[in-house]
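S.K.: The following file, run.cif, comprises mmCIF, C-alpha atoms:
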data_work
loop_
_atom_site.label_atom_id
_atom_site.label_comp_id
_atom_site.auth_asym_id
_atom_site.auth_seq_id
_atom_site.Cartn_x
_atom_site.Cartn_y
_atom_site.Cartn_z
CA MET A 373 51.11 167.59 -24.23
CA ILE A 374 51.36 171.19 -22.98
CA ARG A 375 51.01 172.38 -26.57
CA ALA A 376 47.85 170.29 -26.94
CA VAL A 377 46.39 171.76 -23.77
CA ILE A 378 47.16 175.30 -24.95
CA ARG A 379 45.65 174.54 -28.36
CA HIS A 380 42.42 173.36 -26.71
CA LEU A 381 42.41 175.99 -23.97
CA PRO A 382 39.41 177.96 -25.31
CA LEU A 383 37.43 174.74 -25.62
CA THR A 384 38.43 173.70 -22.09
CA ILE A 385 37.41 177.08 -20.66
CA ALA A 386 34.08 176.92 -22.50
CA ALA A 387 33.44 173.39 -21.20
CA ALA A 388 34.30 174.45 -17.64
CA GLY A 389 31.95 177.41 -17.96
CA LEU A 390 29.15 175.20 -19.24
CA PHE A 391 29.76 172.76 -16.37
CA GLY A 392 29.52 175.66 -13.94
CA LEU A 393 26.24 176.78 -15.47
CA LEU A 394 24.85 173.27 -15.18
CA LEU A 395 25.67 173.24 -11.47
CA ILE A 396 23.72 176.41 -10.72
CA PRO A 397 20.21 174.88 -10.80
CA VAL A 398 21.40 171.98 -8.64
CA ALA A 399 22.82 174.36 -6.08
CA ALA A 400 19.59 176.34 -6.10
CA GLN A 401 17.59 173.21 -5.34
CA GLU A 402 19.84 172.09 -2.52
CA THR A 403 19.58 175.14 -0.29
CA PRO A 404 22.19 174.64 2.42
CA GLY A 405 19.96 175.19 5.44
CA PRO A 406 21.49 175.53 8.89
CA GLY A 407 20.26 172.14 9.98
CA ARG A 408 21.27 170.22 6.89
CA ALA A 409 24.17 168.60 8.71
CA ALA A 410 21.65 166.81 10.92
CA GLN A 411 19.79 165.19 8.07
CA GLY A 412 21.28 161.77 8.59
CA GLY A 413 18.99 161.12 11.51
CA GLY A 414 21.86 160.57 13.87
CA GLY A 415 22.65 164.24 13.94
CA GLY A 416 26.15 163.81 12.58
CA GLY A 417 27.87 167.15 12.27
CA THR A 418 25.41 169.00 14.46
CA PRO A 419 27.19 171.04 17.11
CA GLY A 420 26.92 169.49 20.54
CA PRO A 421 25.65 171.16 23.70
CA GLY A 422 27.03 174.59 24.32
CA ARG A 423 28.40 175.11 20.82
CA GLY A 424 25.84 176.98 18.80
CA ARG A 425 26.31 177.23 15.07
CA GLY A 426 28.45 180.28 14.38
CA ALA A 427 29.05 180.93 18.10
CA ALA A 428 32.25 182.62 19.21
CA ALA A 429 34.66 180.44 21.18
CA GLY A 430 34.62 180.87 24.94
CA PRO A 431 32.70 179.81 28.00
CA LYS A 432 29.07 178.80 27.73
CA LYS A 433 26.66 181.69 27.91
CA PRO A 434 23.93 181.42 30.55
CA THR A 435 20.34 180.53 29.76
CA PRO A 436 18.42 183.70 28.83
CA ARG A 437 15.31 184.53 30.81
CA LEU A 438 12.29 186.72 30.32
CA PRO A 439 11.38 189.51 32.80
CA ASP A 440 9.06 187.18 34.71
CA GLY A 441 11.98 184.81 35.27
CA HIS A 442 11.04 181.89 33.08
CA VAL A 443 13.37 180.56 30.44
CA ASN A 444 13.37 182.36 27.12
CA LEU A 445 13.34 179.77 24.34
CA GLY A 446 13.80 182.47 21.72
CA ALA A 447 16.26 185.23 20.95
CA PRO A 448 16.87 187.77 23.73
CA ALA A 449 15.51 191.29 23.28
CA GLY A 450 17.42 193.05 20.56
CA GLY A 451 19.13 189.83 19.52
CA SER A 452 18.64 187.39 16.72
CA GLY A 453 19.18 183.70 16.03
CA PHE A 454 17.10 180.57 15.86
CA TRP A 455 17.34 176.84 16.46
CA GLY A 456 18.95 174.59 13.85
CA GLY A 457 18.07 170.99 13.15
CA GLY A 458 18.11 168.25 15.77
CA GLY A 459 19.22 164.62 15.78
CA SER A 460 17.31 161.43 16.44
CA ILE A 461 15.23 160.12 19.33
CA VAL A 462 16.62 156.66 18.60
CA GLY A 463 20.30 155.79 19.02
CA LYS A 464 23.03 157.83 20.62
CA ARG A 465 24.91 159.33 17.67
CA GLY A 466 25.72 162.98 17.26
CA SER A 467 23.36 165.27 19.13
CA SER A 468 21.04 162.47 20.20
CA LEU A 469 20.66 162.05 23.96
CA PRO A 470 22.86 159.41 25.60
CA THR A 471 19.75 158.02 27.30
CA ASN A 472 18.03 157.22 23.99
CA PRO A 473 17.00 153.64 23.24
CA ASP A 474 18.71 151.87 20.37
CA VAL A 475 16.40 150.70 17.59
CA SER A 476 16.45 147.19 19.03
CA GLU A 477 15.10 148.59 22.32
CA VAL A 478 12.14 150.46 20.82
CA PRO A 479 8.99 148.57 21.93
CA PHE A 480 7.46 148.21 18.47
CA GLN A 481 4.30 146.27 17.82
CA PRO A 482 5.20 143.54 15.29
CA TRP A 483 3.57 145.33 12.34
CA ALA A 484 5.26 148.62 13.24
CA LYS A 485 8.68 146.98 13.50
CA ALA A 486 8.26 145.27 10.14
CA LEU A 487 7.04 148.48 8.50
CA TYR A 488 9.93 150.48 9.97
CA GLU A 489 12.43 147.93 8.67
CA VAL A 490 10.94 148.08 5.18
CA ARG A 491 11.04 151.89 5.23
CA GLN A 492 14.67 151.74 6.27
CA LYS A 493 15.45 149.51 3.29
CA VAL A 494 13.34 151.38 0.75
CA GLY A 495 14.53 154.81 1.86
CA ASP A 496 12.63 158.05 1.70
CA LYS A 497 10.86 157.62 -1.64
CA ASP A 498 7.49 157.13 0.07
CA ASP A 499 8.09 159.67 2.83
CA PRO A 500 5.24 162.22 2.69
CA HIS A 501 7.72 164.91 3.66
CA ALA A 502 9.46 164.28 0.33
CA ARG A 503 6.23 165.56 -1.22
CA CYS A 504 6.35 168.61 1.06
CA LEU A 505 3.66 167.50 3.48
CA PRO A 506 4.19 168.93 6.97
CA PRO A 507 5.98 166.76 9.54
CA GLY A 508 4.52 166.64 13.05
CA GLY A 509 6.10 165.31 16.25
CA PRO A 510 9.88 165.22 16.65
CA ARG A 511 10.27 165.35 12.86
CA GLN A 512 9.43 169.05 12.87
CA PHE A 513 12.67 169.69 14.75
CA GLN A 514 14.75 167.45 12.48
CA THR A 515 13.99 169.42 9.34
CA PRO A 516 16.66 171.66 7.85
CA ASN A 517 16.27 175.44 7.95
CA GLY A 518 15.48 175.64 11.62
CA PHE A 519 12.69 176.82 13.87
CA GLU A 520 11.87 179.60 16.27
CA PHE A 521 9.71 179.96 19.41
CA ILE A 522 7.46 183.01 19.51
CA GLU A 523 6.04 183.65 23.00
CA GLN A 524 2.62 185.34 22.99
CA PRO A 525 1.79 185.93 26.68
CA ASP A 526 -1.25 188.06 25.80
CA ARG A 527 -2.74 185.06 23.99
CA LYS A 528 -1.37 182.54 26.46
CA ARG A 529 0.29 180.52 23.79
CA ILE A 530 3.65 179.82 22.17
CA THR A 531 3.90 179.65 18.41
CA ILE A 532 6.67 177.63 16.84
CA ILE A 533 7.49 178.63 13.28
CA PHE A 534 9.40 176.26 11.05
CA GLY A 535 11.76 177.46 8.35
CA GLY A 536 11.92 174.11 6.57
CA GLY A 537 9.53 171.88 4.67
CA PRO A 538 6.32 173.68 3.70
CA ARG A 539 7.12 176.58 6.08
CA SER A 540 4.46 175.75 8.66
CA TRP A 541 3.74 176.68 12.27
CA ARG A 542 2.31 175.16 15.44
CA PHE A 543 0.51 176.53 18.50
CA ILE A 544 1.10 175.43 22.09
CA TYR A 545 -1.65 176.72 24.37
CA LEU A 546 -0.68 177.67 27.93
CA ASP A 547 -4.19 178.69 29.04
CA GLY A 548 -4.99 175.41 30.79
CA ARG A 549 -7.41 174.12 28.21
CA PRO A 550 -7.81 170.34 28.12
CA LEU A 551 -6.58 168.21 25.26
CA PRO A 552 -9.31 167.03 22.90
CA SER A 553 -10.59 163.52 23.42
CA LEU A 554 -9.71 161.01 20.74
CA ASP A 555 -13.25 159.67 21.13
CA ASP A 556 -14.70 163.01 20.02
CA LEU A 557 -16.22 162.33 16.61
CA ASP A 558 -15.89 166.03 15.75
CA LEU A 559 -12.13 165.93 16.26
CA ILE A 560 -10.25 166.60 13.03
CA PRO A 561 -6.85 164.92 13.25
CA THR A 562 -4.04 167.20 12.09
CA TYR A 563 -0.35 167.08 11.16
CA PHE A 564 0.78 168.91 14.31
CA GLY A 565 -1.94 167.65 16.61
CA TYR A 566 -3.39 169.76 19.44
CA SER A 567 -0.91 170.95 22.05
CA THR A 568 -1.20 172.29 25.57
CA GLY A 569 1.78 173.21 27.68
CA LYS A 570 2.91 174.43 31.06
CA TRP A 571 6.18 175.44 32.64
CA MET A 572 7.48 172.99 35.21
CA GLY A 573 10.50 174.78 36.66
CA ASP A 574 12.77 175.58 33.72
CA THR A 575 11.17 173.00 31.45
CA LEU A 576 8.26 173.60 29.10
CA VAL A 577 6.19 170.42 29.18
CA VAL A 578 3.85 169.98 26.22
CA GLU A 579 1.16 167.33 25.78
CA SER A 580 -0.15 166.71 22.26
CA THR A 581 -2.69 164.43 20.68
CA GLY A 582 -5.10 164.42 17.74
CA TYR A 583 -2.55 163.60 15.05
CA ASN A 584 -3.47 162.36 11.61
CA GLU A 585 -1.63 159.48 9.95
CA LYS A 586 -0.52 161.33 6.84
CA PHE A 587 3.10 161.86 7.84
CA TRP A 588 6.14 160.16 9.34
CA PHE A 589 6.62 161.58 12.83
CA HIS A 590 10.35 160.84 12.78
CA ARG A 591 12.96 160.88 10.05
CA GLY A 592 13.48 157.36 8.77
CA GLY A 593 9.89 156.29 9.19
CA LEU A 594 9.09 155.33 12.78
CA PRO A 595 5.39 154.46 12.41
CA HIS A 596 2.60 156.06 14.38
CA THR A 597 -1.20 155.90 14.39
CA ASP A 598 -4.05 158.24 15.25
CA ALA A 599 -3.65 157.14 18.88
CA LEU A 600 -0.31 158.96 19.15
CA HIS A 601 0.13 161.01 22.33
CA LEU A 602 3.37 162.91 22.77
CA THR A 603 4.79 164.48 25.90
CA GLU A 604 7.54 166.88 24.89
CA ARG A 605 9.97 168.56 27.28
CA PHE A 606 11.83 171.64 26.09
CA SER A 607 14.63 173.11 28.17
CA ARG A 608 17.57 175.40 27.53
CA PRO A 609 20.48 174.32 29.74
CA ASP A 610 22.66 177.11 28.30
CA PHE A 611 22.23 179.86 25.74
CA ASP A 612 23.35 177.77 22.77
CA THR A 613 21.53 174.53 23.51
CA LEU A 614 17.93 173.42 23.32
CA LYS A 615 17.30 170.05 24.92
CA TYR A 616 14.34 168.23 23.41
CA GLU A 617 12.96 165.09 24.99
CA VAL A 618 9.78 163.33 23.95
CA THR A 619 7.78 160.43 25.35
CA VAL A 620 5.99 158.51 22.62
CA ASP A 621 2.76 156.88 23.74
CA ASP A 622 0.97 155.13 20.90
CA PRO A 623 -0.55 151.83 22.02
CA LYS A 624 -1.51 150.93 18.45
CA ALA A 625 2.11 151.07 17.27
CA TYR A 626 4.19 150.46 20.43
CA THR A 627 3.67 148.08 23.32
CA ARG A 628 4.54 150.71 25.95
CA PRO A 629 5.50 154.40 26.11
CA TRP A 630 9.15 155.16 25.40
CA THR A 631 11.35 158.24 25.54
CA GLY A 632 14.12 159.72 23.40
CA GLY A 633 15.49 163.09 22.48
CA PHE A 634 18.27 165.25 21.14
CA THR A 635 19.86 168.64 21.52
CA VAL A 636 19.54 171.43 18.99
CA PRO A 637 22.16 174.15 18.47
CA TRP A 638 21.42 177.87 18.51
CA THR A 639 22.20 179.34 15.11
CA TYR A 640 23.92 182.71 14.85
CA THR A 641 24.36 182.70 11.09
CA ASN A 642 22.18 183.13 8.04
CA TRP A 643 21.68 180.27 5.60
CA ASP A 644 24.80 181.25 3.66
CA GLY A 645 26.99 181.33 6.74
CA SER A 646 27.07 185.11 7.04
CA PRO A 647 26.47 186.63 10.49
CA GLY A 648 22.84 187.41 11.32
CA GLY A 649 20.89 184.40 12.50
CA GLU A 650 17.77 185.12 10.48
CA MET A 651 15.70 182.29 9.01
CA HIS A 652 15.58 182.74 5.28
CA GLU A 653 12.60 182.16 3.02
CA TYR A 654 12.55 178.52 2.02
CA LEU A 655 9.58 176.69 0.58
CA CYS A 656 9.76 172.96 -0.02
CA GLN A 657 7.24 173.22 -2.84
CA ASP A 658 9.47 175.65 -4.68
CA ASN A 659 12.22 173.06 -4.88
CA GLU A 660 10.14 169.91 -5.08
CA ARG A 661 10.91 168.13 -8.34
CA ASP A 662 10.36 164.52 -7.41
CA TYR A 663 6.58 164.19 -7.07
CA SER A 664 5.96 163.02 -10.62
CA LYS A 665 8.73 160.43 -10.27
CA LEU A 666 7.58 159.20 -6.87
CA ARG A 667 4.03 158.25 -7.81
CA MET B 1377 -20.44 183.03 -15.84
CA THR B 1378 -17.64 184.43 -17.92
CA MET B 1379 -15.43 182.29 -20.13
CA ARG B 1380 -12.50 182.98 -17.82
CA ARG B 1381 -14.43 181.67 -14.78
CA LEU B 1382 -15.51 178.60 -16.69
CA LEU B 1383 -11.89 177.95 -17.62
CA GLY B 1384 -10.88 178.37 -13.96
CA VAL B 1385 -13.45 175.81 -12.81
CA PHE B 1386 -12.32 173.42 -15.55
CA VAL B 1387 -8.67 173.72 -14.48
CA LEU B 1388 -9.68 173.16 -10.82
CA LEU B 1389 -11.61 170.02 -11.79
CA LEU B 1390 -8.60 168.76 -13.72
CA MET B 1391 -6.41 169.31 -10.66
CA LEU B 1392 -8.66 167.43 -8.22
CA PRO B 1393 -7.31 163.94 -8.97
CA VAL B 1394 -3.79 165.27 -8.43
CA ILE B 1395 -4.65 166.87 -5.09
CA ALA B 1396 -6.84 164.08 -3.72
CA PRO B 1397 -4.21 161.31 -3.43
CA ALA B 1398 -1.91 163.44 -1.31
CA VAL B 1399 -4.81 164.27 1.00
CA ALA B 1400 -5.76 160.62 1.30
CA ALA B 1401 -2.33 159.33 2.30
CA GLN B 1402 -2.36 157.05 5.34
CA GLU B 1403 0.95 156.08 6.92
CA GLY B 1404 -0.21 154.24 10.05
CA HIS B 1405 -1.24 150.60 10.23
CA PRO B 1406 -0.96 149.42 6.62
CA LEU B 1407 -4.38 147.72 6.54
CA VAL B 1408 -6.43 150.50 8.06
CA GLY B 1409 -8.73 152.37 5.70
CA THR B 1410 -11.00 151.73 2.77
CA TRP B 1411 -10.06 149.45 -0.10
CA HIS B 1412 -11.81 149.18 -3.43
CA GLY B 1413 -11.34 146.37 -5.92
CA THR B 1414 -12.83 143.37 -7.64
CA TRP B 1415 -12.77 139.61 -7.48
CA GLY B 1416 -13.87 136.99 -9.95
CA PRO B 1417 -13.11 133.61 -11.46
CA ASN B 1418 -11.85 135.16 -14.70
CA ALA B 1419 -11.14 138.50 -16.38
CA LYS B 1420 -14.72 138.88 -17.70
CA GLU B 1421 -16.71 137.93 -14.62
CA ARG B 1422 -15.81 140.48 -11.95
CA HIS B 1423 -17.56 141.54 -8.74
CA ASP B 1424 -16.94 144.87 -7.06
CA VAL B 1425 -15.68 144.67 -3.50
CA THR B 1426 -15.18 147.36 -0.86
CA LEU B 1427 -13.33 146.59 2.36
CA VAL B 1428 -13.28 148.84 5.41
CA LEU B 1429 -10.63 147.81 7.94
CA GLU B 1430 -9.76 149.11 11.40
CA PHE B 1431 -7.13 148.37 14.03
CA ASP B 1432 -7.61 149.07 17.75
CA GLY B 1433 -4.07 148.17 18.78
CA LYS B 1434 -4.85 144.50 19.29
CA ALA B 1435 -7.23 143.22 16.65
CA ILE B 1436 -8.01 144.04 13.04
CA THR B 1437 -11.72 144.29 12.41
CA GLY B 1438 -13.87 145.46 9.56
CA MET B 1439 -16.48 144.76 6.98
CA MET B 1440 -17.01 144.05 3.32
CA ASN B 1441 -19.33 146.11 1.13
CA PRO B 1442 -20.73 148.62 3.66
CA GLY B 1443 -24.47 149.10 3.27
CA PRO B 1444 -27.56 146.90 3.60
CA ASP B 1445 -25.68 143.82 2.42
CA SER B 1446 -22.52 144.44 4.41
CA VAL B 1447 -20.69 141.47 5.84
CA ARG B 1448 -18.56 141.82 8.96
CA PHE B 1449 -15.33 139.90 9.10
CA ASP B 1450 -15.20 137.17 11.74
CA LYS B 1451 -11.44 137.13 11.63
CA VAL B 1452 -8.67 139.22 10.07
CA THR B 1453 -5.01 138.36 10.64
CA LEU B 1454 -1.85 140.01 9.36
CA ASP B 1455 1.54 138.33 9.23
CA PRO B 1456 4.07 141.21 9.10
CA SER B 1457 6.90 138.84 8.17
CA ASN B 1458 5.55 138.59 4.63
CA TRP B 1459 2.59 141.02 4.78
CA SER B 1460 0.09 138.25 4.13
CA VAL B 1461 -3.49 138.85 5.24
CA HIS B 1462 -6.18 136.24 5.97
CA MET B 1463 -9.83 137.30 6.24
CA GLU B 1464 -12.90 135.22 7.04
CA ALA B 1465 -16.54 136.29 6.91
CA THR B 1466 -19.90 134.59 7.22
CA PRO B 1467 -22.70 136.35 5.29
CA LYS B 1468 -25.91 136.68 7.31
CA GLY B 1469 -29.52 137.73 6.76
CA ALA B 1470 -30.55 138.64 3.23
CA ALA B 1471 -27.00 138.21 2.04
CA LYS B 1472 -26.81 134.73 3.46
CA ALA B 1473 -24.46 132.70 1.39
CA ALA B 1474 -21.45 130.46 1.74
CA PRO B 1475 -18.58 131.64 3.98
CA ILE B 1476 -15.99 133.91 2.41
CA VAL B 1477 -12.23 133.54 2.73
CA ILE B 1478 -9.84 136.14 1.37
CA ASP B 1479 -6.10 135.46 1.30
CA VAL B 1480 -4.00 138.34 0.04
CA THR B 1481 -0.61 139.96 0.31
CA ILE B 1482 -0.08 143.69 0.75
CA GLN B 1483 1.89 144.89 -2.27
CA ASP B 1484 4.22 147.90 -2.19
CA ILE B 1485 3.76 148.23 1.56
CA THR B 1486 5.32 151.68 2.04
CA ASN B 1487 3.44 153.25 -0.83
CA ARG B 1488 0.19 155.11 -0.23
CA TYR B 1489 -1.11 153.41 -3.38
CA ARG B 1490 -0.49 149.97 -1.90
CA SER B 1491 -2.78 147.12 -2.89
CA LEU B 1492 -4.10 143.76 -1.73
CA VAL B 1493 -3.54 140.95 -4.20
CA GLY B 1494 -4.55 137.31 -3.76
CA THR B 1495 -7.57 135.03 -3.82
CA PHE B 1496 -11.25 135.25 -2.89
CA THR B 1497 -13.11 132.08 -2.10
CA GLN B 1498 -16.82 131.73 -1.43
CA GLY B 1499 -17.98 128.17 -1.02
CA THR B 1500 -16.79 126.27 -4.06
CA VAL B 1501 -16.18 129.41 -6.15
CA LYS B 1502 -12.65 130.71 -6.17
CA GLY B 1503 -11.22 133.70 -8.00
CA ASP B 1504 -8.46 136.22 -7.97
CA PHE B 1505 -8.81 139.36 -5.85
CA LYS B 1506 -7.25 142.76 -6.16
CA ALA B 1507 -8.04 145.96 -4.25
CA SER B 1508 -6.32 149.30 -3.83
CA ARG B 1509 -6.36 151.53 -0.81
CA ASP B 1510 -8.28 154.71 -1.38
CA SER B 1511 -8.55 156.59 1.89
#
Will you turn the file into structure tokens for me?

M.R.:
Amino acid sequence: MIRAVIRHLPLTIAAAGLFGLLLIPVAAQETPGPGRAAQGGGGGGTPGPGRGRGAAAGPKKPTPRLPDGHVNLGAPAGGSGFWGGGGSIVGKRGSSLPTNPDVSEVPFQPWAKALYEVRQKVGDKDDPHARCLPPGGPRQFQTPNGFEFIEQPDRKRITIIFGGGPRSWRFIYLDGRPLPSLDDLDLIPTYFGYSTGKWMGDTLVVESTGYNEKFWFHRGGLPHTDALHLTERFSRPDFDTLKYEVTVDDPKAYTRPWTGGFTVPWTYTNWDGSPGGEMHEYLCQDNERDYSKLR
Amino acid sequence: MTMRRLLGVFVLLLMLPVIAPAVAAQEGHPLVGTWHGTWGPNAKERHDVTLVLEFDGKAITGMMNPGPDSVRFDKVTLDPSNWSVHMEATPKGAAKAAPIVIDVTIQDITNRYRSLVGTFTQGTVKGDFKASRDS
């Protein structure tokens, strides 16, 4: 037996090498983003509150603040890092909030419940995000490769940049402007909607409306319509934790408003696990190889 | 216009059908939008049909063949347990004719290329009906 192995050793080594080469393109496609562990929707594997990805062991670090005293949702001056991927606004697994409704408690309209159940059975093959379309609503924080808040006080707005999907961004205006009316015929519905925000104590409260219907606003396919109105609450109870809570108000898809959320860990590492906490360049379109098969 | 520009325009025109479907995707209420198709008693005799359907959170409303001869639906119901759809319309004015009843099922419900397949009945004439969602 040993003699046979030795006789075929060159062939075995060549086969192993070829196998290794075959794996390379697969590994390139499946970029291990910081938030990938949260892809299951329940947030399995995502660090819980106070345990940022790559954080040193020890007591929780306090919430960072900007010179004017309000909470800093980004990296402190001279620091780095960004937010990883979050969990689900339905159910209580992983990093999802313990106050979340279970699926059976979500006040679906009958058509929305039936559609959600079909999507759950069929899987993600018809998910627009699988074709690299941008995800609005909570989905933007569930996408691997993280996100970052950029405060722009001179422009009275916060920009959120997303490292995953099609590498998109979103503006939250803090200048007191009103939300557009859904009855405005000139309103162009968008993937991220139109957002206005204000600080209420240590919580950034953001109201958004004007969404289009070209995306799934939550991983797994919770339905929404163009009537969707979201109230998002962002807070940072400690340095390593972002608490995200959202009230979903869409009378065309749900019989009443409902609320869910999750926590998101601060990420100290680069995509390959090395120290740094910088979002790397990732473009969904660069890795998208399913479109022709999904049609 | 140079040959290179002409080639560029040609390539862009070729790409349009690929780009358009992604732009037209609609993931909300599965009936909402515009549907194009045909109905007829057999494969040779076909009539073009366009449906425009809306949902206000309570009722599904809409019309058939928008334009001077459009017909508003009196009733549209959806049964999500099997995705069957029942539509009734009474043509009025110049288009006055026998009442129309369309009974269809939404096929491939999660797909943006979903379709309505079933029957179209107007008075004593009955035929098969098929329409695809296009916006």

S.K.: Give me, please, the distance in Å between CA of Lys624 in chain A and CA of Phe480 in chain A, quoted to one decimal.

M.R.: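 So the two atoms, CA of Lys624 in chain A and CA of Phe480 in chain A, lie 9.4 Å apart.
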
S.K.: With all atoms listed in the file considered, list every residue of chain B at most 8 Å from chain A, as a short mmCIF file (atom, residue, chain, number, x, y, z; two decimals) with C-alpha atoms, keeping the file's coordinate frame.

M.R.:
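Here's the written file iface-v6.cif:
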data_model
loop_
_atom_site.label_atom_id
_atom_site.label_comp_id
_atom_site.auth_asym_id
_atom_site.auth_seq_id
_atom_site.Cartn_x
_atom_site.Cartn_y
_atom_site.Cartn_z
CA VAL B 1399 -4.81 164.27 1.00
CA ALA B 1400 -5.76 160.62 1.30
CA ALA B 1401 -2.33 159.33 2.30
CA GLN B 1402 -2.36 157.05 5.34
CA GLU B 1403 0.95 156.08 6.92
CA GLY B 1404 -0.21 154.24 10.05
CA HIS B 1405 -1.24 150.60 10.23
CA PHE B 1431 -7.13 148.37 14.03
CA ASP B 1432 -7.61 149.07 17.75
CA GLY B 1433 -4.07 148.17 18.78
CA LYS B 1434 -4.85 144.50 19.29
CA ASP B 1455 1.54 138.33 9.23
CA PRO B 1456 4.07 141.21 9.10
CA SER B 1457 6.90 138.84 8.17
CA ILE B 1485 3.76 148.23 1.56
CA THR B 1486 5.32 151.68 2.04
CA ASN B 1487 3.44 153.25 -0.83
CA ARG B 1488 0.19 155.11 -0.23
#

S.K.: Starting from the displayed file, determine the output of the PyMOL selection byres ((chain A and resi 423-440) around 7) and express the residue list as a list in words.

M.R.: Pro419, Gly420, Pro421, Gly422, Gly441, His442, Val443, Asn444, Pro448, Arg608, Pro609, Asp610, Phe611, Asp612, Thr613, Pro637, Trp638, Thr639, Tyr640 and Thr641 of chain A

S.K.: Select, from A:Ile461, A:Ala502, A:Ala447, A:Val475, the residue with the minimum atom-to-atom distance to Gln657 in chain A, counting only C-alpha atoms.

M.R.: A:Ala502

S.K.: So, counting all atoms listed in the file, which residue among B:Arg1422, B:Arg1490, B:Gln1498, B:Ile1482 is closest to Thr1466 in chain B?

M.R.: B:Gln1498

S.K.: Report as a short mmCIF file (atom, residue, chain, number, x, y, z; two decimals) with C-alpha atoms, in the frame of the given file the residues that result from applying the PyMOL selection byres ((chain B and resi 1444) around 12) to the structure here.

M.R.:
data_model
loop_
_atom_site.label_atom_id
_atom_site.label_comp_id
_atom_site.auth_asym_id
_atom_site.auth_seq_id
_atom_site.Cartn_x
_atom_site.Cartn_y
_atom_site.Cartn_z
CA MET B 1439 -16.48 144.76 6.98
CA MET B 1440 -17.01 144.05 3.32
CA ASN B 1441 -19.33 146.11 1.13
CA PRO B 1442 -20.73 148.62 3.66
CA GLY B 1443 -24.47 149.10 3.27
CA ASP B 1445 -25.68 143.82 2.42
CA SER B 1446 -22.52 144.44 4.41
CA VAL B 1447 -20.69 141.47 5.84
CA ARG B 1448 -18.56 141.82 8.96
CA PRO B 1467 -22.70 136.35 5.29
CA LYS B 1468 -25.91 136.68 7.31
CA GLY B 1469 -29.52 137.73 6.76
CA ALA B 1470 -30.55 138.64 3.23
CA ALA B 1471 -27.00 138.21 2.04
#

S.K.: Could you tell me how far CA of Gly453 in chain A lies from CA of Phe534 in chain A, in Å and to one decimal?

M.R.: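 Interatomic distance here is 13.3 Å.
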
S.K.: Please list as a list of chain:residue names every residue within 8 Å of Gly1499 in chain B, counting only C-alpha atoms and excluding residues in the same chain fewer than 2 positions away.

M.R.: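 Non-adjacent residues within range: B:Ala1474, B:Pro1475, B:Ile1476, B:Thr1497, B:Val1501, B:Lys1502.
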
S.K.: In Å, how far is it from CA of Val618 in chain A to CA of Gly466 in chain A?

M.R.: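 It comes out at 17.3 Å.
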